[in-house]
Amino acid sequence: MQKDERDLLEVLKPDFHFEVANQEETTMTRKRNAIIFSLFVLVGVALILLPGLIPDGVRVVSAAAAASYTITQVSGGGTIAGKILYSGKPVRPKRFPVTQDVSTCGKTREVYPVKIEQGGVTEAVVWLDDITGGKAFNFPEPVMDQKNCEFVPHVLLIQPGAMKMLNTDLCSHSIHVLSSTNREVNLSIPPKTAPTVLTLMRPDQAMVRCEIHKWMEAYVIVAKNAYYVLSGAGGAYTLTDVPPGKYHIKVWQETLGTRTQEVTVETGKTATVSFNFGSK
Ligand SMILES: [Cu+2]
């Protein structure tokens, strides 16, 4: 509205100018509030979405800095070996009734919360927690399969990076990766699909579940250094080519938890460190 027109209106109706001005002011305030509100919403949405939108590779730098592990030529290393034992209450399996995909999965499933083989705990993760340099990563191929409605292997050890998830079953699975440091993944995997690539850049003990078959559970251990190993039959493990020094060695099992001991490694010698869950 031109100033002349306003003046004219003012003459005709003295109160009108004030009303117009007031209305304009209210509209402006509303607009401004709307803009401020929109900005808040945008910032909020951005904060929620951004971590998911940034590809994991972008954050490699910070992950590498946090892990701070340097690969070097190890000469004059020593060995650490021992057993993961269990002397607690007898381990009973959890039983799950199968309500769908019976032809692939069977009618009932049994899951042992601790796997004992030849008197020792198998698939426990043993690692040096505070080693900052040493041998190169040499873990088995980073592949997990879904076979007969079970994740195989149950515990997979990987170096930070990519792994493949397969489904060789004739039914669909719906994987859910729960990690405290890596991105959460929720994904349906129908039969006969190409391998799904999962990227886990930051060290963690990530849990993988199937949202269709409740008994299906596995763990992906993203190692922060190359000195990680899974215990085998009899609970036995061996860590080789360890640079001489004093370290904290840890063991983790999904049900039993974590234990720590100190170990001193000397050139050409084997230090024996065993753990016994169920005894104090
Ligand atoms: Cu499944």
# chains A, B, ... in the order shown; residues from 1 in each chain; ligands from 1

$ closest_atom_pairs --of "chain A" --to "ligand 1" --cutoff "7 Å" --atoms "only C-alpha atoms and all ligand atoms" --output "Markdown table"
| residue | atom | partner | partner_atom_place_in_ligand_line | distance |
| --- | --- | --- | --- | --- |
| A:Cys149 | CA | ligand 1 | 1 (Cu) | 5.6 |
| A:Ser172 | CA | ligand 1 | 1 (Cu) | 6.4 |
| A:His173 | CA | ligand 1 | 1 (Cu) | 3.7 |
| A:Ser174 | CA | ligand 1 | 1 (Cu) | 5.8 |
| A:Cys210 | CA | ligand 1 | 1 (Cu) | 4.6 |
| A:Glu211 | CA | ligand 1 | 1 (Cu) | 6.5 |
| A:Ile212 | CA | ligand 1 | 1 (Cu) | 5.0 |
| A:His213 | CA | ligand 1 | 1 (Cu) | 4.4 |
| A:Met216 | CA | ligand 1 | 1 (Cu) | 6.3 |

$ select_by_dssp --residues "segment 40-203 of chain A" --states "helix (DSSP H, G or I)" --output "MDAnalysis selection string"
chainID A and resid 40:53 56:67 102:105

$ select_by_dssp --residues "segment 33-252 of chain A" --states "strand (DSSP E)" --output "PyMOL selection string"
chain A and resi 70-71+78-86+94-97+108-111+116-117+120-121+125-128+133-134+143-146+151-152+155-158+161-165+173-178+185-189+196-200+204-210+217-222+228-230+236-242+245-252

$ write_last_selection --atoms "C-alpha atoms" --output "compact mmCIF listing (two decimals), in the first residue's frame"
# COMPACT_ATOMS: atom_id res chain seq x y z
CA THR A 70 50.26 -49.41 13.34
CA ILE A 71 51.21 -52.40 11.23
CA GLY A 78 56.54 -64.20 21.34
CA THR A 79 53.40 -66.29 21.68
CA ILE A 80 50.49 -66.23 24.09
CA ALA A 81 48.47 -69.42 24.46
CA GLY A 82 45.93 -70.78 26.88
CA LYS A 83 42.44 -72.09 27.41
CA ILE A 84 39.04 -70.57 28.07
CA LEU A 85 37.43 -72.80 30.65
CA TYR A 86 34.03 -72.91 32.28
CA LYS A 94 17.06 -72.02 25.12
CA ARG A 95 14.22 -73.59 23.14
CA PHE A 96 12.29 -71.73 20.46
CA PRO A 97 9.15 -72.99 18.71
CA THR A 108 11.93 -76.31 17.12
CA ARG A 109 15.29 -74.66 17.67
CA GLU A 110 17.75 -74.95 20.51
CA VAL A 111 20.34 -72.30 21.21
CA ILE A 116 31.35 -76.06 25.47
CA GLU A 117 33.47 -78.44 23.43
CA GLY A 120 36.41 -75.62 27.06
CA VAL A 121 34.45 -72.62 25.81
CA VAL A 125 36.97 -63.78 21.62
CA VAL A 126 40.50 -63.38 23.02
CA TRP A 127 42.46 -60.23 22.29
CA LEU A 128 45.23 -57.88 23.37
CA GLY A 133 51.54 -51.89 16.80
CA GLY A 134 52.36 -55.25 15.33
CA VAL A 143 31.73 -63.64 5.28
CA MET A 144 28.68 -64.66 7.27
CA ASP A 145 26.04 -66.96 5.85
CA GLN A 146 22.44 -67.58 6.81
CA PHE A 151 24.12 -67.47 11.17
CA VAL A 152 27.36 -69.21 10.20
CA VAL A 155 31.02 -65.21 15.83
CA LEU A 156 32.85 -63.49 12.98
CA LEU A 157 36.12 -61.65 13.48
CA ILE A 158 36.81 -58.84 11.01
CA GLY A 161 35.87 -52.47 6.81
CA ALA A 162 33.47 -54.48 4.73
CA MET A 163 31.99 -57.92 5.25
CA LYS A 164 29.55 -59.98 3.22
CA MET A 165 26.26 -61.37 4.43
CA HIS A 173 15.75 -63.44 6.47
CA SER A 174 15.62 -59.94 7.89
CA ILE A 175 18.93 -58.90 9.37
CA HIS A 176 19.29 -56.30 12.09
CA VAL A 177 22.82 -55.17 12.92
CA LEU A 178 23.04 -53.53 16.35
CA VAL A 185 21.31 -51.84 9.63
CA ASN A 186 17.82 -53.25 9.15
CA LEU A 187 17.51 -55.18 5.94
CA SER A 188 15.38 -57.91 4.43
CA ILE A 189 17.40 -60.51 2.52
CA THR A 196 24.89 -58.01 1.04
CA VAL A 197 27.91 -55.87 1.85
CA LEU A 198 27.96 -54.48 5.38
CA THR A 199 30.52 -51.88 6.35
CA LEU A 200 31.68 -51.68 9.95
CA ASP A 204 32.86 -53.03 18.36
CA GLN A 205 31.10 -56.22 19.31
CA ALA A 206 28.12 -55.83 17.00
CA MET A 207 25.11 -58.08 17.38
CA VAL A 208 23.30 -59.42 14.32
CA ARG A 209 19.72 -60.63 14.68
CA CYS A 210 17.12 -61.92 12.29
CA GLU A 217 21.69 -64.33 16.63
CA ALA A 218 25.34 -63.78 15.80
CA TYR A 219 28.20 -61.43 16.59
CA VAL A 220 30.55 -59.48 14.38
CA ILE A 221 33.70 -58.51 16.23
CA VAL A 222 35.34 -55.51 14.59
CA TYR A 228 42.30 -61.15 18.13
CA VAL A 229 41.45 -64.84 17.97
CA LEU A 230 38.49 -67.12 18.66
CA ALA A 236 42.20 -73.35 23.31
CA TYR A 237 43.59 -70.23 21.68
CA THR A 238 46.97 -69.01 20.43
CA LEU A 239 48.17 -65.50 19.59
CA THR A 240 51.41 -65.47 17.62
CA ASP A 241 54.01 -62.86 16.61
CA VAL A 242 53.36 -60.65 19.60
CA GLY A 245 56.04 -56.27 26.11
CA LYS A 246 53.43 -56.11 28.83
CA TYR A 247 49.77 -56.18 27.77
CA HIS A 248 46.24 -56.57 29.00
CA ILE A 249 44.68 -59.66 27.49
CA LYS A 250 40.89 -59.93 27.43
CA VAL A 251 38.32 -62.57 26.73
CA TRP A 252 34.68 -61.99 25.84

$ closest_residue --among "A:Ser180, A:Thr260, A:Thr132, A:Phe275" --to "Asn225 of chain A" --atoms "only C-alpha atoms"
A:Thr132

$ residues_around --residues "segment 88-91 of chain A" --least-positions-apart "4" --cutoff "7 Å" --atoms "only C-alpha atoms" --output "mmCIF file with C-alpha atoms, in the first residue's frame"
data_model
loop_
_atom_site.group_PDB
_atom_site.id
_atom_site.type_symbol
_atom_site.label_atom_id
_atom_site.label_comp_id
_atom_site.auth_asym_id
_atom_site.auth_seq_id
_atom_site.Cartn_x
_atom_site.Cartn_y
_atom_site.Cartn_z
ATOM 1 C CA VAL A 114 27.639 -70.925 25.951
ATOM 2 C CA PHE A 277 34.535 -68.469 33.788
ATOM 3 C CA GLY A 278 32.334 -69.543 36.622
ATOM 4 C CA SER A 279 35.076 -69.371 39.219
#

$ atom_distance --atom1 "atom CA of Glu150 of chain A" --atom2 "atom CA of Gly119 of chain A"
24.0 Å
